[in-house]
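input26.cif follows (mmCIF, C-alpha atoms and all ligand atoms):
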data_model
loop_
_atom_site.group_PDB
_atom_site.id
_atom_site.type_symbol
_atom_site.label_atom_id
_atom_site.label_comp_id
_atom_site.auth_asym_id
_atom_site.auth_seq_id
_atom_site.Cartn_x
_atom_site.Cartn_y
_atom_site.Cartn_z
ATOM 1 C CA MET A 1 -24.767 5.033 7.092
ATOM 2 C CA SER A 2 -24.743 4.904 3.314
ATOM 3 C CA PHE A 3 -21.643 3.913 1.460
ATOM 4 C CA MET A 4 -20.613 5.197 -1.906
ATOM 5 C CA THR A 5 -20.230 2.335 -4.346
ATOM 6 C CA GLU A 6 -19.845 4.351 -7.533
ATOM 7 C CA LYS A 7 -16.367 4.451 -9.136
ATOM 8 C CA LEU A 8 -14.997 7.829 -10.102
ATOM 9 C CA GLU A 9 -12.294 8.737 -12.591
ATOM 10 C CA LEU A 10 -10.259 11.929 -12.704
ATOM 11 C CA LYS A 11 -12.495 13.279 -15.462
ATOM 12 C CA ASP A 12 -15.557 12.917 -13.218
ATOM 13 C CA ILE A 13 -13.905 15.030 -10.565
ATOM 14 C CA GLN A 14 -12.695 17.564 -13.124
ATOM 15 C CA ALA A 15 -16.252 17.826 -14.426
ATOM 16 C CA GLY A 16 -17.470 18.655 -10.924
ATOM 17 C CA ARG A 17 -19.368 15.397 -10.484
ATOM 18 C CA ALA A 18 -17.884 14.659 -7.044
ATOM 19 C CA ASP A 19 -18.919 15.905 -3.636
ATOM 20 C CA PRO A 20 -16.443 18.591 -2.465
ATOM 21 C CA GLU A 21 -15.995 16.724 0.809
ATOM 22 C CA TYR A 22 -15.045 13.631 -1.191
ATOM 23 C CA VAL A 23 -12.442 15.565 -3.157
ATOM 24 C CA ASP A 24 -11.030 17.028 0.050
ATOM 25 C CA LEU A 25 -10.701 13.612 1.656
ATOM 26 C CA LEU A 26 -9.198 12.113 -1.474
ATOM 27 C CA ARG A 27 -6.602 14.875 -1.743
ATOM 28 C CA ARG A 28 -5.824 14.422 1.932
ATOM 29 C CA VAL A 29 -5.416 10.659 1.803
ATOM 30 C CA LEU A 30 -3.163 10.908 -1.267
ATOM 31 C CA ALA A 31 -0.959 13.501 0.431
ATOM 32 C CA ILE A 32 -0.716 11.351 3.574
ATOM 33 C CA GLN A 33 0.100 8.204 1.604
ATOM 34 C CA SER A 34 2.787 10.068 -0.364
ATOM 35 C CA ASP A 35 4.217 11.376 2.913
ATOM 36 C CA CYS A 36 4.383 7.866 4.391
ATOM 37 C CA GLU A 37 6.071 6.412 1.295
ATOM 38 C CA ILE A 38 8.888 8.945 1.121
ATOM 39 C CA GLY A 39 9.061 9.135 4.926
ATOM 40 C CA GLY A 40 10.598 5.627 5.057
ATOM 41 C CA PRO A 41 13.873 6.350 3.249
ATOM 42 C CA HIS A 42 14.151 9.674 5.059
ATOM 43 C CA LEU A 43 14.212 7.676 8.310
ATOM 44 C CA TYR A 44 16.862 5.113 7.509
ATOM 45 C CA VAL A 45 18.838 5.832 4.387
ATOM 46 C CA GLU A 46 21.370 8.214 5.868
ATOM 47 C CA LYS A 47 22.650 5.768 8.489
ATOM 48 C CA MET A 48 21.752 2.366 7.073
ATOM 49 C CA LEU A 49 22.942 2.762 3.484
ATOM 50 C CA PRO A 50 26.566 3.134 4.626
ATOM 51 C CA GLU A 51 26.311 1.118 7.861
ATOM 52 C CA ALA A 52 24.181 -1.988 7.264
ATOM 53 C CA PRO A 53 26.189 -5.084 8.294
ATOM 54 C CA LEU A 54 26.944 -6.547 4.860
ATOM 55 C CA LYS A 55 27.228 -4.989 1.427
ATOM 56 C CA LEU A 56 24.270 -7.074 0.342
ATOM 57 C CA ASP A 57 22.260 -5.564 3.194
ATOM 58 C CA ARG A 58 23.294 -2.094 2.018
ATOM 59 C CA LEU A 59 22.036 -2.984 -1.440
ATOM 60 C CA VAL A 60 18.747 -4.076 0.106
ATOM 61 C CA VAL A 61 18.528 -0.700 1.871
ATOM 62 C CA ALA A 62 19.119 0.952 -1.519
ATOM 63 C CA ARG A 63 16.497 -1.222 -3.214
ATOM 64 C CA THR A 64 13.930 -0.647 -0.459
ATOM 65 C CA SER A 65 14.505 3.102 -0.685
ATOM 66 C CA THR A 66 14.170 2.926 -4.464
ATOM 67 C CA GLU A 67 10.860 1.127 -4.174
ATOM 68 C CA GLU A 68 9.524 3.633 -1.631
ATOM 69 C CA ILE A 69 10.512 6.498 -3.927
ATOM 70 C CA ASP A 70 8.574 4.740 -6.673
ATOM 71 C CA HIS A 71 5.561 4.289 -4.398
ATOM 72 C CA PHE A 72 5.728 7.982 -3.521
ATOM 73 C CA ARG A 73 5.782 8.781 -7.234
ATOM 74 C CA LYS A 74 2.669 6.720 -7.924
ATOM 75 C CA PHE A 75 0.575 8.435 -5.247
ATOM 76 C CA ALA A 76 2.078 11.893 -5.764
ATOM 77 C CA VAL A 77 1.093 12.028 -9.424
ATOM 78 C CA LEU A 78 -2.514 11.235 -8.498
ATOM 79 C CA ALA A 79 -2.358 14.011 -5.898
ATOM 80 C CA GLY A 80 -0.857 16.371 -8.488
ATOM 81 C CA ASP A 81 -3.734 15.716 -10.894
ATOM 82 C CA LEU A 82 -6.052 16.824 -8.087
ATOM 83 C CA GLY A 83 -4.140 20.026 -7.467
ATOM 84 C CA VAL A 84 -1.952 18.948 -4.558
ATOM 85 C CA ASP A 85 1.606 20.203 -4.948
ATOM 86 C CA THR A 86 3.654 17.462 -3.275
ATOM 87 C CA THR A 87 6.887 19.482 -3.306
ATOM 88 C CA TYR A 88 6.519 20.186 0.404
ATOM 89 C CA ILE A 89 6.357 16.440 1.068
ATOM 90 C CA LEU A 90 9.674 15.930 -0.725
ATOM 91 C CA GLN A 91 11.258 18.780 1.196
ATOM 92 C CA ARG A 92 9.947 18.602 4.742
ATOM 93 C CA ASN A 93 12.104 17.426 7.629
ATOM 94 C CA ASN A 94 11.355 14.220 9.527
ATOM 95 C CA PRO A 95 9.799 15.939 12.583
ATOM 96 C CA GLN A 96 7.155 17.409 10.247
ATOM 97 C CA ARG A 97 6.008 14.058 8.846
ATOM 98 C CA TYR A 98 2.338 13.301 9.100
ATOM 99 C CA LEU A 99 2.704 10.142 11.187
ATOM 100 C CA GLU A 100 4.715 9.840 14.382
ATOM 101 C CA ALA A 101 6.439 6.701 13.033
ATOM 102 C CA PHE A 102 8.352 8.768 10.473
ATOM 103 C CA ARG A 103 9.423 11.634 12.701
ATOM 104 C CA GLY A 104 12.720 10.308 14.081
ATOM 105 C CA THR A 105 15.710 8.557 12.558
ATOM 106 C CA ILE A 106 16.678 4.908 12.339
ATOM 107 C CA ASN A 107 20.233 4.448 13.527
ATOM 108 C CA SER A 108 20.507 0.723 14.187
ATOM 109 C CA TRP A 109 20.180 -2.423 12.123
ATOM 110 C CA GLU A 110 17.745 -3.804 14.696
ATOM 111 C CA ASP A 111 15.425 -0.852 14.163
ATOM 112 C CA PHE A 112 15.719 -1.168 10.385
ATOM 113 C CA ALA A 113 14.799 -4.872 10.559
ATOM 114 C CA VAL A 114 11.859 -4.344 12.908
ATOM 115 C CA PHE A 115 10.648 -1.351 10.905
ATOM 116 C CA GLY A 116 10.224 -3.707 7.927
ATOM 117 C CA PHE A 117 8.654 -6.411 10.075
ATOM 118 C CA LEU A 118 6.130 -4.162 11.850
ATOM 119 C CA ILE A 119 5.792 -0.773 10.135
ATOM 120 C CA ASP A 120 5.878 -1.809 6.483
ATOM 121 C CA ARG A 121 3.245 -4.304 7.590
ATOM 122 C CA VAL A 122 1.038 -1.438 8.789
ATOM 123 C CA GLY A 123 1.779 0.098 5.387
ATOM 124 C CA LYS A 124 0.338 -3.002 3.741
ATOM 125 C CA TYR A 125 -2.860 -2.564 5.778
ATOM 126 C CA GLN A 126 -3.087 1.083 4.713
ATOM 127 C CA LEU A 127 -2.674 0.115 1.067
ATOM 128 C CA GLU A 128 -5.268 -2.655 1.314
ATOM 129 C CA GLU A 129 -7.803 -0.005 2.273
ATOM 130 C CA PHE A 130 -7.639 1.308 -1.282
ATOM 131 C CA MET A 131 -8.437 -2.015 -2.942
ATOM 132 C CA GLY A 132 -11.770 -1.583 -4.682
ATOM 133 C CA CYS A 133 -12.030 2.015 -3.481
ATOM 134 C CA SER A 134 -14.267 4.577 -5.125
ATOM 135 C CA TYR A 135 -11.434 6.473 -6.888
ATOM 136 C CA ALA A 136 -10.498 4.139 -9.742
ATOM 137 C CA PRO A 137 -6.960 5.501 -10.363
ATOM 138 C CA LEU A 138 -6.113 4.921 -6.675
ATOM 139 C CA ALA A 139 -7.588 1.430 -6.626
ATOM 140 C CA ALA A 140 -5.541 0.604 -9.733
ATOM 141 C CA VAL A 141 -2.253 1.226 -7.882
ATOM 142 C CA VAL A 142 -2.942 -1.492 -5.313
ATOM 143 C CA GLU A 143 -5.136 -3.998 -7.133
ATOM 144 C CA HIS A 144 -3.747 -7.185 -8.585
ATOM 145 C CA PRO A 145 -1.323 -7.263 -10.266
ATOM 146 C CA SER A 146 0.224 -4.524 -8.152
ATOM 147 C CA ARG A 147 3.928 -3.904 -8.072
ATOM 148 C CA VAL A 148 3.459 -1.684 -5.017
ATOM 149 C CA MET A 149 1.823 -4.508 -3.034
ATOM 150 C CA LEU A 150 4.456 -7.049 -4.113
ATOM 151 C CA GLU A 151 7.275 -4.721 -3.165
ATOM 152 C CA GLU A 152 5.661 -3.989 0.196
ATOM 153 C CA GLU A 153 5.447 -7.743 0.863
ATOM 154 C CA GLY A 154 9.147 -7.932 0.054
ATOM 155 C CA HIS A 155 9.975 -5.268 2.652
ATOM 156 C CA ILE A 156 7.885 -7.078 5.254
ATOM 157 C CA ASP A 157 9.455 -10.481 4.506
ATOM 158 C CA TYR A 158 12.969 -9.119 4.613
ATOM 159 C CA GLY A 159 12.328 -7.302 7.908
ATOM 160 C CA THR A 160 10.614 -10.332 9.432
ATOM 161 C CA THR A 161 13.434 -12.703 8.443
ATOM 162 C CA ARG A 162 16.140 -10.384 9.789
ATOM 163 C CA THR A 163 14.205 -9.828 13.037
ATOM 164 C CA ALA A 164 13.794 -13.582 13.555
ATOM 165 C CA GLU A 165 17.509 -14.144 12.894
ATOM 166 C CA LEU A 166 18.548 -11.463 15.358
ATOM 167 C CA ALA A 167 16.176 -12.845 17.995
ATOM 168 C CA ALA A 168 17.619 -16.337 17.463
ATOM 169 C CA VAL A 169 21.135 -15.108 18.305
ATOM 170 C CA GLY A 170 20.028 -14.762 21.931
ATOM 171 C CA GLY A 171 21.684 -12.893 24.780
ATOM 172 C CA GLU A 172 22.382 -9.207 24.425
ATOM 173 C CA GLN A 173 21.396 -9.280 20.739
ATOM 174 C CA LYS A 174 17.984 -10.676 21.600
ATOM 175 C CA GLU A 175 17.498 -7.932 24.189
ATOM 176 C CA ARG A 176 18.306 -5.287 21.590
ATOM 177 C CA ILE A 177 15.827 -6.676 19.091
ATOM 178 C CA GLN A 178 13.210 -6.968 21.853
ATOM 179 C CA ARG A 179 13.620 -3.263 22.605
ATOM 180 C CA SER A 180 13.098 -2.447 18.933
ATOM 181 C CA VAL A 181 9.978 -4.626 18.825
ATOM 182 C CA ASP A 182 8.643 -2.918 21.966
ATOM 183 C CA HIS A 183 9.109 0.496 20.390
ATOM 184 C CA TRP A 184 7.819 -0.214 16.896
ATOM 185 C CA TYR A 185 4.878 -2.367 17.922
ATOM 186 C CA ARG A 186 3.470 0.499 19.958
ATOM 187 C CA THR A 187 4.155 2.929 17.131
ATOM 188 C CA GLY A 188 2.539 0.553 14.650
ATOM 189 C CA LEU A 189 -0.633 0.167 16.720
ATOM 190 C CA ASP A 190 -0.960 3.956 16.929
ATOM 191 C CA MET A 191 -0.599 4.288 13.150
ATOM 192 C CA PHE A 192 -4.123 2.907 12.703
ATOM 193 C CA GLY A 193 -5.476 6.063 14.312
ATOM 194 C CA SER A 194 -8.191 6.671 16.833
ATOM 195 C CA SER A 195 -11.020 4.140 17.133
ATOM 196 C CA SER A 196 -13.518 6.978 17.383
ATOM 197 C CA SER A 197 -12.211 9.048 14.477
ATOM 198 C CA ARG A 198 -14.996 10.860 12.665
ATOM 199 C CA ARG A 199 -12.820 11.379 9.630
ATOM 200 C CA ALA A 200 -12.214 7.632 9.333
ATOM 201 C CA GLU A 201 -15.965 7.219 9.189
ATOM 202 C CA ARG A 202 -16.220 9.760 6.370
ATOM 203 C CA TYR A 203 -13.527 7.921 4.419
ATOM 204 C CA ARG A 204 -15.651 4.808 4.708
ATOM 205 C CA HIS A 205 -18.803 6.668 3.832
ATOM 206 C CA PHE A 206 -17.207 7.776 0.573
ATOM 207 C CA GLY A 207 -15.756 4.358 -0.220
ATOM 208 C CA LEU A 208 -12.165 5.543 0.228
ATOM 209 C CA LYS A 209 -11.463 3.053 3.014
ATOM 210 C CA ARG A 210 -12.908 -0.352 3.795
ATOM 211 C CA ARG A 211 -12.262 -1.093 7.451
ATOM 212 C CA THR A 212 -12.668 0.971 10.582
ATOM 213 C CA ASN A 213 -9.409 1.918 12.306
ATOM 214 C CA GLU A 214 -10.164 -0.550 15.070
ATOM 215 C CA GLU A 215 -10.998 -3.426 12.706
ATOM 216 C CA ALA A 216 -7.713 -2.961 10.875
ATOM 217 C CA ARG A 217 -5.795 -2.653 14.156
ATOM 218 C CA GLN A 218 -7.338 -5.875 15.516
ATOM 219 C CA GLN A 219 -6.484 -7.775 12.330
ATOM 220 C CA TYR A 220 -2.925 -6.507 12.558
ATOM 221 C CA ILE A 221 -2.676 -7.622 16.188
ATOM 222 C CA ALA A 222 -3.983 -11.074 15.274
ATOM 223 C CA GLU A 223 -1.417 -11.341 12.489
ATOM 224 C CA VAL A 224 1.614 -9.971 14.321
ATOM 225 C CA GLU A 225 1.467 -11.331 17.874
ATOM 226 C CA PRO A 226 1.814 -15.016 16.911
ATOM 227 C CA ILE A 227 4.857 -14.101 14.792
ATOM 228 C CA ILE A 228 6.479 -12.243 17.706
ATOM 229 C CA GLU A 229 5.869 -15.255 19.949
ATOM 230 C CA LYS A 230 7.268 -17.656 17.380
ATOM 231 C CA MET A 231 10.435 -15.595 17.297
ATOM 232 C CA GLY A 232 10.796 -16.313 21.012
ATOM 233 C CA LEU A 233 10.216 -12.650 21.843
ATOM 234 C CA ARG A 234 7.869 -11.123 24.373
ATOM 235 C CA VAL A 235 4.653 -9.628 23.018
ATOM 236 C CA PRO A 236 4.739 -6.012 24.212
ATOM 237 C CA ASP A 237 1.954 -4.585 26.340
ATOM 238 C CA ARG A 238 -0.547 -3.197 23.835
ATOM 239 C CA GLN A 239 -1.567 -0.282 26.025
ATOM 240 C CA GLU A 240 1.795 0.954 27.273
ATOM 241 C CA GLY A 241 2.915 4.244 25.780
ATOM 242 C CA ARG A 242 0.019 4.392 23.315
ATOM 243 C CA LYS A 243 -1.346 7.683 21.984
ATOM 244 C CA TYR A 244 -4.429 6.455 20.113
ATOM 245 C CA THR A 245 -6.701 3.668 21.168
ATOM 246 C CA MET B 1 -15.529 21.996 -7.169
ATOM 247 C CA THR B 2 -13.035 22.815 -9.902
ATOM 248 C CA LEU B 3 -9.472 21.704 -9.740
ATOM 249 C CA GLN B 4 -6.266 23.043 -11.179
ATOM 250 C CA PRO B 5 -3.871 20.154 -11.728
ATOM 251 C CA ILE B 6 -0.285 20.871 -10.714
ATOM 252 C CA PRO B 7 1.397 21.784 -14.016
ATOM 253 C CA PHE B 8 4.699 20.007 -13.329
ATOM 254 C CA ALA B 9 3.210 16.886 -11.727
ATOM 255 C CA HIS B 10 3.860 14.694 -14.769
ATOM 256 C CA THR B 11 7.326 16.114 -15.415
ATOM 257 C CA LEU B 12 8.164 15.267 -11.810
ATOM 258 C CA ASP B 13 6.672 11.806 -12.294
ATOM 259 C CA ASP B 14 8.847 11.216 -15.390
ATOM 260 C CA PHE B 15 11.946 12.460 -13.621
ATOM 261 C CA LEU B 16 11.375 10.143 -10.659
ATOM 262 C CA GLN B 17 10.497 7.205 -12.872
ATOM 263 C CA ASP B 18 13.783 7.547 -14.802
ATOM 264 C CA LEU B 19 15.659 7.829 -11.548
ATOM 265 C CA VAL B 20 13.957 4.756 -10.093
ATOM 266 C CA ARG B 21 14.902 2.755 -13.192
ATOM 267 C CA ALA B 22 18.521 3.879 -12.933
ATOM 268 C CA LEU B 23 18.519 3.006 -9.243
ATOM 269 C CA HIS B 24 17.183 -0.482 -9.904
ATOM 270 C CA ARG B 25 19.929 -0.994 -12.495
ATOM 271 C CA ALA B 26 22.582 0.133 -10.010
ATOM 272 C CA VAL B 27 21.213 -2.208 -7.308
ATOM 273 C CA GLU B 28 21.207 -5.153 -9.744
ATOM 274 C CA ARG B 29 24.762 -4.341 -10.802
ATOM 275 C CA GLY B 30 25.832 -4.300 -7.170
ATOM 276 C CA ILE B 31 24.116 -7.603 -6.406
ATOM 277 C CA ALA B 32 25.561 -9.295 -9.508
ATOM 278 C CA ALA B 33 29.068 -8.229 -8.495
ATOM 279 C CA ALA B 34 28.698 -8.932 -4.769
ATOM 280 C CA ARG B 35 30.474 -12.295 -4.795
ATOM 281 C CA SER B 36 33.154 -11.643 -7.357
ATOM 282 C CA ASP B 37 34.010 -7.969 -7.617
ATOM 283 C CA GLU B 38 33.912 -5.952 -4.434
ATOM 284 C CA ALA B 39 35.116 -2.768 -6.125
ATOM 285 C CA GLU B 40 32.206 -2.916 -8.582
ATOM 286 C CA THR B 41 29.747 -3.425 -5.715
ATOM 287 C CA ASP B 42 31.232 -0.370 -4.001
ATOM 288 C CA ARG B 43 30.822 1.667 -7.179
ATOM 289 C CA ALA B 44 27.209 0.524 -7.528
ATOM 290 C CA LEU B 45 26.518 1.461 -3.903
ATOM 291 C CA ALA B 46 28.104 4.872 -4.437
ATOM 292 C CA ASP B 47 25.871 5.401 -7.488
ATOM 293 C CA CYS B 48 22.818 4.412 -5.453
ATOM 294 C CA LYS B 49 23.780 6.814 -2.704
ATOM 295 C CA GLU B 50 24.226 9.689 -5.122
ATOM 296 C CA MET B 51 20.806 9.144 -6.702
ATOM 297 C CA ILE B 52 18.975 8.578 -3.422
ATOM 298 C CA ASP B 53 20.612 11.664 -1.899
ATOM 299 C CA LEU B 54 19.324 13.653 -4.849
ATOM 300 C CA VAL B 55 15.731 12.597 -4.109
ATOM 301 C CA MET B 56 16.174 13.138 -0.373
ATOM 302 C CA ALA B 57 17.312 16.714 -1.054
ATOM 303 C CA GLY B 58 13.968 17.320 -2.794
ATOM 304 C CA GLN B 59 15.054 20.179 -5.065
ATOM 305 C CA VAL B 60 12.010 19.780 -7.269
ATOM 306 C CA ASP B 61 12.549 23.083 -9.086
ATOM 307 C CA GLU B 62 15.900 21.798 -10.359
ATOM 308 C CA TRP B 63 14.326 18.595 -11.656
ATOM 309 C CA VAL B 64 11.355 19.981 -13.508
ATOM 310 C CA GLY B 65 12.796 23.205 -14.953
ATOM 311 C CA ASP B 66 10.476 26.027 -15.957
ATOM 312 C CA GLY B 67 6.977 25.750 -14.637
ATOM 313 C CA GLY B 68 8.178 24.128 -11.413
ATOM 314 C CA PRO B 69 6.955 24.886 -7.925
ATOM 315 C CA ARG B 70 6.733 28.546 -7.025
ATOM 316 C CA ARG B 71 9.526 29.700 -4.759
ATOM 317 C CA PRO B 72 8.372 31.738 -1.835
ATOM 318 C CA ALA B 73 8.435 35.422 -2.711
ATOM 319 C CA GLY B 74 11.113 37.682 -1.216
HETATM 320 FE FE FE C 1 5.816 1.648 0.202
HETATM 321 FE FE FE C 2 7.746 -0.512 2.328
#

Can you present the structure in this file as structure tokens?
Amino acid sequence: MSFMTEKLELKDIQAGRADPEYVDLLRRVLAIQSDCEIGGPHLYVEKMLPEAPLKLDRLVVARTSTEEIDHFRKFAVLAGDLGVDTTYILQRNNPQRYLEAFRGTINSWEDFAVFGFLIDRVGKYQLEEFMGCSYAPLAAVVEHPSRVMLEEEGHIDYGTTRTAELAAVGGEQKERIQRSVDHWYRTGLDMFGSSSSRRAERYRHFGLKRRTNEEARQQYIAEVEPIIEKMGLRVPDRQEGRKYT
Amino acid sequence: MTLQPIPFAHTLDDFLQDLVRALHRAVERGIAAARSDEAETDRALADCKEMIDLVMAGQVDEWVGDGGPRRPAG
């Protein structure tokens, strides 16, 4: 397999210097990333902005939503330059979201905490794929110094800290947080996609992604499971309830 | 392959960027007041909610004015 190492700018694509398949994949990945960014606040803002335990927590929900809106903006404008009208992404309902993880609603503080701990962490993996990628304007969003990456780390840290605190309470509270971890860990593992995805291979071929789905998933597992154990929680069965392996 | 950029993409980007800045200011205001002035924190949270609700509603045509997304015909 040959990998594209050349870096393209918008003007190269506008001048017709890119493979049509490349442009298709690029437009697709930008639309999906935009969908995932705005999909977060659509999941939790309605319930958690008014109902998070403390006012400071509500402000964190507001800040996290703000940052996701900003992330959406940064990917959506790149998509717009390539002729993708992202209006539908701003308007679609949760069940229509591209990834399963964004199709429901988050109604509990436990789920909000674990979403940051586990799902924003998958988000970080997705963003890392674009570091050094063949479309320079996309690489620029995530390469150092990247506000998007720093903000994503902030979401993960906040979610991880809250999850650990809730687990440390013990008893019924610990059971509730365990159930959230069980649910979101499975969802998170599926977010990496199928190990035999042909499209994932094409992304790599064109230098739009770095790792295979399975490589990224295994790295995530190696990162997350020791943290779950350290929290005194049970590591969920990796196979149970999975859609993609 | 030739591409037609979306004509309102940058107007939308500007609109969202202004809104994000205003949201960050409201969050900071709320955090600064959290220990001393509960009413001010409540006002900041209400401002945040209003702005976030606006984005969640996704009425792009209202944000970008003329040249916005085409409404479905009929
Ligand atoms: Fe994000
Ligand atoms: Fe995030």

task = Set the cut-off to 12 Å, count all atoms listed in the file, and list whatever residues fall near ligand FE 1 (chain C) as number ranges by chain.
result = A: 33-41, 63-75, 116, 119-128, 141-142, 146-156

For C-alpha atoms, I'd like the residues from the last selection saved as a PDB file, in the coordinates of the input.
ATOM      1  CA  GLN A  33       0.100   8.204   1.604  1.00  0.00           C
ATOM      2  CA  SER A  34       2.787  10.068  -0.364  1.00  0.00           C
ATOM      3  CA  ASP A  35       4.217  11.376   2.913  1.00  0.00           C
ATOM      4  CA  CYS A  36       4.383   7.866   4.391  1.00  0.00           C
ATOM      5  CA  GLU A  37       6.071   6.412   1.295  1.00  0.00           C
ATOM      6  CA  ILE A  38       8.888   8.945   1.121  1.00  0.00           C
ATOM      7  CA  GLY A  39       9.061   9.135   4.926  1.00  0.00           C
ATOM      8  CA  GLY A  40      10.598   5.627   5.057  1.00  0.00           C
ATOM      9  CA  PRO A  41      13.873   6.350   3.249  1.00  0.00           C
ATOM     10  CA  ARG A  63      16.497  -1.222  -3.214  1.00  0.00           C
ATOM     11  CA  THR A  64      13.930  -0.647  -0.459  1.00  0.00           C
ATOM     12  CA  SER A  65      14.505   3.102  -0.685  1.00  0.00           C
ATOM     13  CA  THR A  66      14.170   2.926  -4.464  1.00  0.00           C
ATOM     14  CA  GLU A  67      10.860   1.127  -4.174  1.00  0.00           C
ATOM     15  CA  GLU A  68       9.524   3.633  -1.631  1.00  0.00           C
ATOM     16  CA  ILE A  69      10.512   6.498  -3.927  1.00  0.00           C
ATOM     17  CA  ASP A  70       8.574   4.740  -6.673  1.00  0.00           C
ATOM     18  CA  HIS A  71       5.561   4.289  -4.398  1.00  0.00           C
ATOM     19  CA  PHE A  72       5.728   7.982  -3.521  1.00  0.00           C
ATOM     20  CA  ARG A  73       5.782   8.781  -7.234  1.00  0.00           C
ATOM     21  CA  LYS A  74       2.669   6.720  -7.924  1.00  0.00           C
ATOM     22  CA  PHE A  75       0.575   8.435  -5.247  1.00  0.00           C
ATOM     23  CA  GLY A 116      10.224  -3.707   7.927  1.00  0.00           C
ATOM     24  CA  ILE A 119       5.792  -0.773  10.135  1.00  0.00           C
ATOM     25  CA  ASP A 120       5.878  -1.809   6.483  1.00  0.00           C
ATOM     26  CA  ARG A 121       3.245  -4.304   7.590  1.00  0.00           C
ATOM     27  CA  VAL A 122       1.038  -1.438   8.789  1.00  0.00           C
ATOM     28  CA  GLY A 123       1.779   0.098   5.387  1.00  0.00           C
ATOM     29  CA  LYS A 124       0.338  -3.002   3.741  1.00  0.00           C
ATOM     30  CA  TYR A 125      -2.860  -2.564   5.778  1.00  0.00           C
ATOM     31  CA  GLN A 126      -3.087   1.083   4.713  1.00  0.00           C
ATOM     32  CA  LEU A 127      -2.674   0.115   1.067  1.00  0.00           C
ATOM     33  CA  GLU A 128      -5.268  -2.655   1.314  1.00  0.00           C
ATOM     34  CA  VAL A 141      -2.253   1.226  -7.882  1.00  0.00           C
ATOM     35  CA  VAL A 142      -2.942  -1.492  -5.313  1.00  0.00           C
ATOM     36  CA  SER A 146       0.224  -4.524  -8.152  1.00  0.00           C
ATOM     37  CA  ARG A 147       3.928  -3.904  -8.072  1.00  0.00           C
ATOM     38  CA  VAL A 148       3.459  -1.684  -5.017  1.00  0.00           C
ATOM     39  CA  MET A 149       1.823  -4.508  -3.034  1.00  0.00           C
ATOM     40  CA  LEU A 150       4.456  -7.049  -4.113  1.00  0.00           C
ATOM     41  CA  GLU A 151       7.275  -4.721  -3.165  1.00  0.00           C
ATOM     42  CA  GLU A 152       5.661  -3.989   0.196  1.00  0.00           C
ATOM     43  CA  GLU A 153       5.447  -7.743   0.863  1.00  0.00           C
ATOM     44  CA  GLY A 154       9.147  -7.932   0.054  1.00  0.00           C
ATOM     45  CA  HIS A 155       9.975  -5.268   2.652  1.00  0.00           C
ATOM     46  CA  ILE A 156       7.885  -7.078   5.254  1.00  0.00           C
TER      47      ILE A 156
END

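What separates CA of Ala18 in chain A from CA of Leu78 in chain A is a distance of 15.8 Å.
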
note = Pairwise distance, CA of Asp53 in chain B with CA of Glu46 in chain A, equals 8.5 Å

Select residues of chain A: the criterion is any atom within 8 Å of an atom of chain B, counting all atoms listed in the file; output as an mmCIF file with C-alpha atoms, in the coordinates of the input.
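The resulting part18.cif:
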data_model
loop_
_atom_site.group_PDB
_atom_site.id
_atom_site.type_symbol
_atom_site.label_atom_id
_atom_site.label_comp_id
_atom_site.auth_asym_id
_atom_site.auth_seq_id
_atom_site.Cartn_x
_atom_site.Cartn_y
_atom_site.Cartn_z
ATOM 1 C CA ILE A 13 -13.905 15.030 -10.565
ATOM 2 C CA GLN A 14 -12.695 17.564 -13.124
ATOM 3 C CA ALA A 15 -16.252 17.826 -14.426
ATOM 4 C CA GLY A 16 -17.470 18.655 -10.924
ATOM 5 C CA ALA A 18 -17.884 14.659 -7.044
ATOM 6 C CA ASP A 19 -18.919 15.905 -3.636
ATOM 7 C CA PRO A 20 -16.443 18.591 -2.465
ATOM 8 C CA HIS A 42 14.151 9.674 5.059
ATOM 9 C CA LEU A 49 22.942 2.762 3.484
ATOM 10 C CA LYS A 55 27.228 -4.989 1.427
ATOM 11 C CA LEU A 56 24.270 -7.074 0.342
ATOM 12 C CA ARG A 58 23.294 -2.094 2.018
ATOM 13 C CA LEU A 59 22.036 -2.984 -1.440
ATOM 14 C CA ALA A 62 19.119 0.952 -1.519
ATOM 15 C CA ARG A 63 16.497 -1.222 -3.214
ATOM 16 C CA SER A 65 14.505 3.102 -0.685
ATOM 17 C CA THR A 66 14.170 2.926 -4.464
ATOM 18 C CA GLU A 67 10.860 1.127 -4.174
ATOM 19 C CA ILE A 69 10.512 6.498 -3.927
ATOM 20 C CA ASP A 70 8.574 4.740 -6.673
ATOM 21 C CA ARG A 73 5.782 8.781 -7.234
ATOM 22 C CA LYS A 74 2.669 6.720 -7.924
ATOM 23 C CA ALA A 76 2.078 11.893 -5.764
ATOM 24 C CA VAL A 77 1.093 12.028 -9.424
ATOM 25 C CA GLY A 80 -0.857 16.371 -8.488
ATOM 26 C CA ASP A 81 -3.734 15.716 -10.894
ATOM 27 C CA LEU A 82 -6.052 16.824 -8.087
ATOM 28 C CA GLY A 83 -4.140 20.026 -7.467
ATOM 29 C CA VAL A 84 -1.952 18.948 -4.558
ATOM 30 C CA ASP A 85 1.606 20.203 -4.948
ATOM 31 C CA THR A 87 6.887 19.482 -3.306
ATOM 32 C CA LEU A 90 9.674 15.930 -0.725
ATOM 33 C CA GLN A 91 11.258 18.780 1.196
#

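Going from CA of Tyr203 in chain A to CA of Leu99 in chain A covers 17.7 Å.
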
query = Which residues fall under the PyMOL selection byres (((chain A and resi 226-240) around 7) and not hetatm) in this file, as a ChimeraX atom specification?
reply = /A:164,167,178,182,186,223-225,241-242

query = Could you name the residues that touch Arg103 in chain A at 9 Å or less, counting only C-alpha atoms, but leaving out those on the same chain fewer than 6 positions away, as a PyMOL selection string?
reply = chain A and resi 39+43+93-97
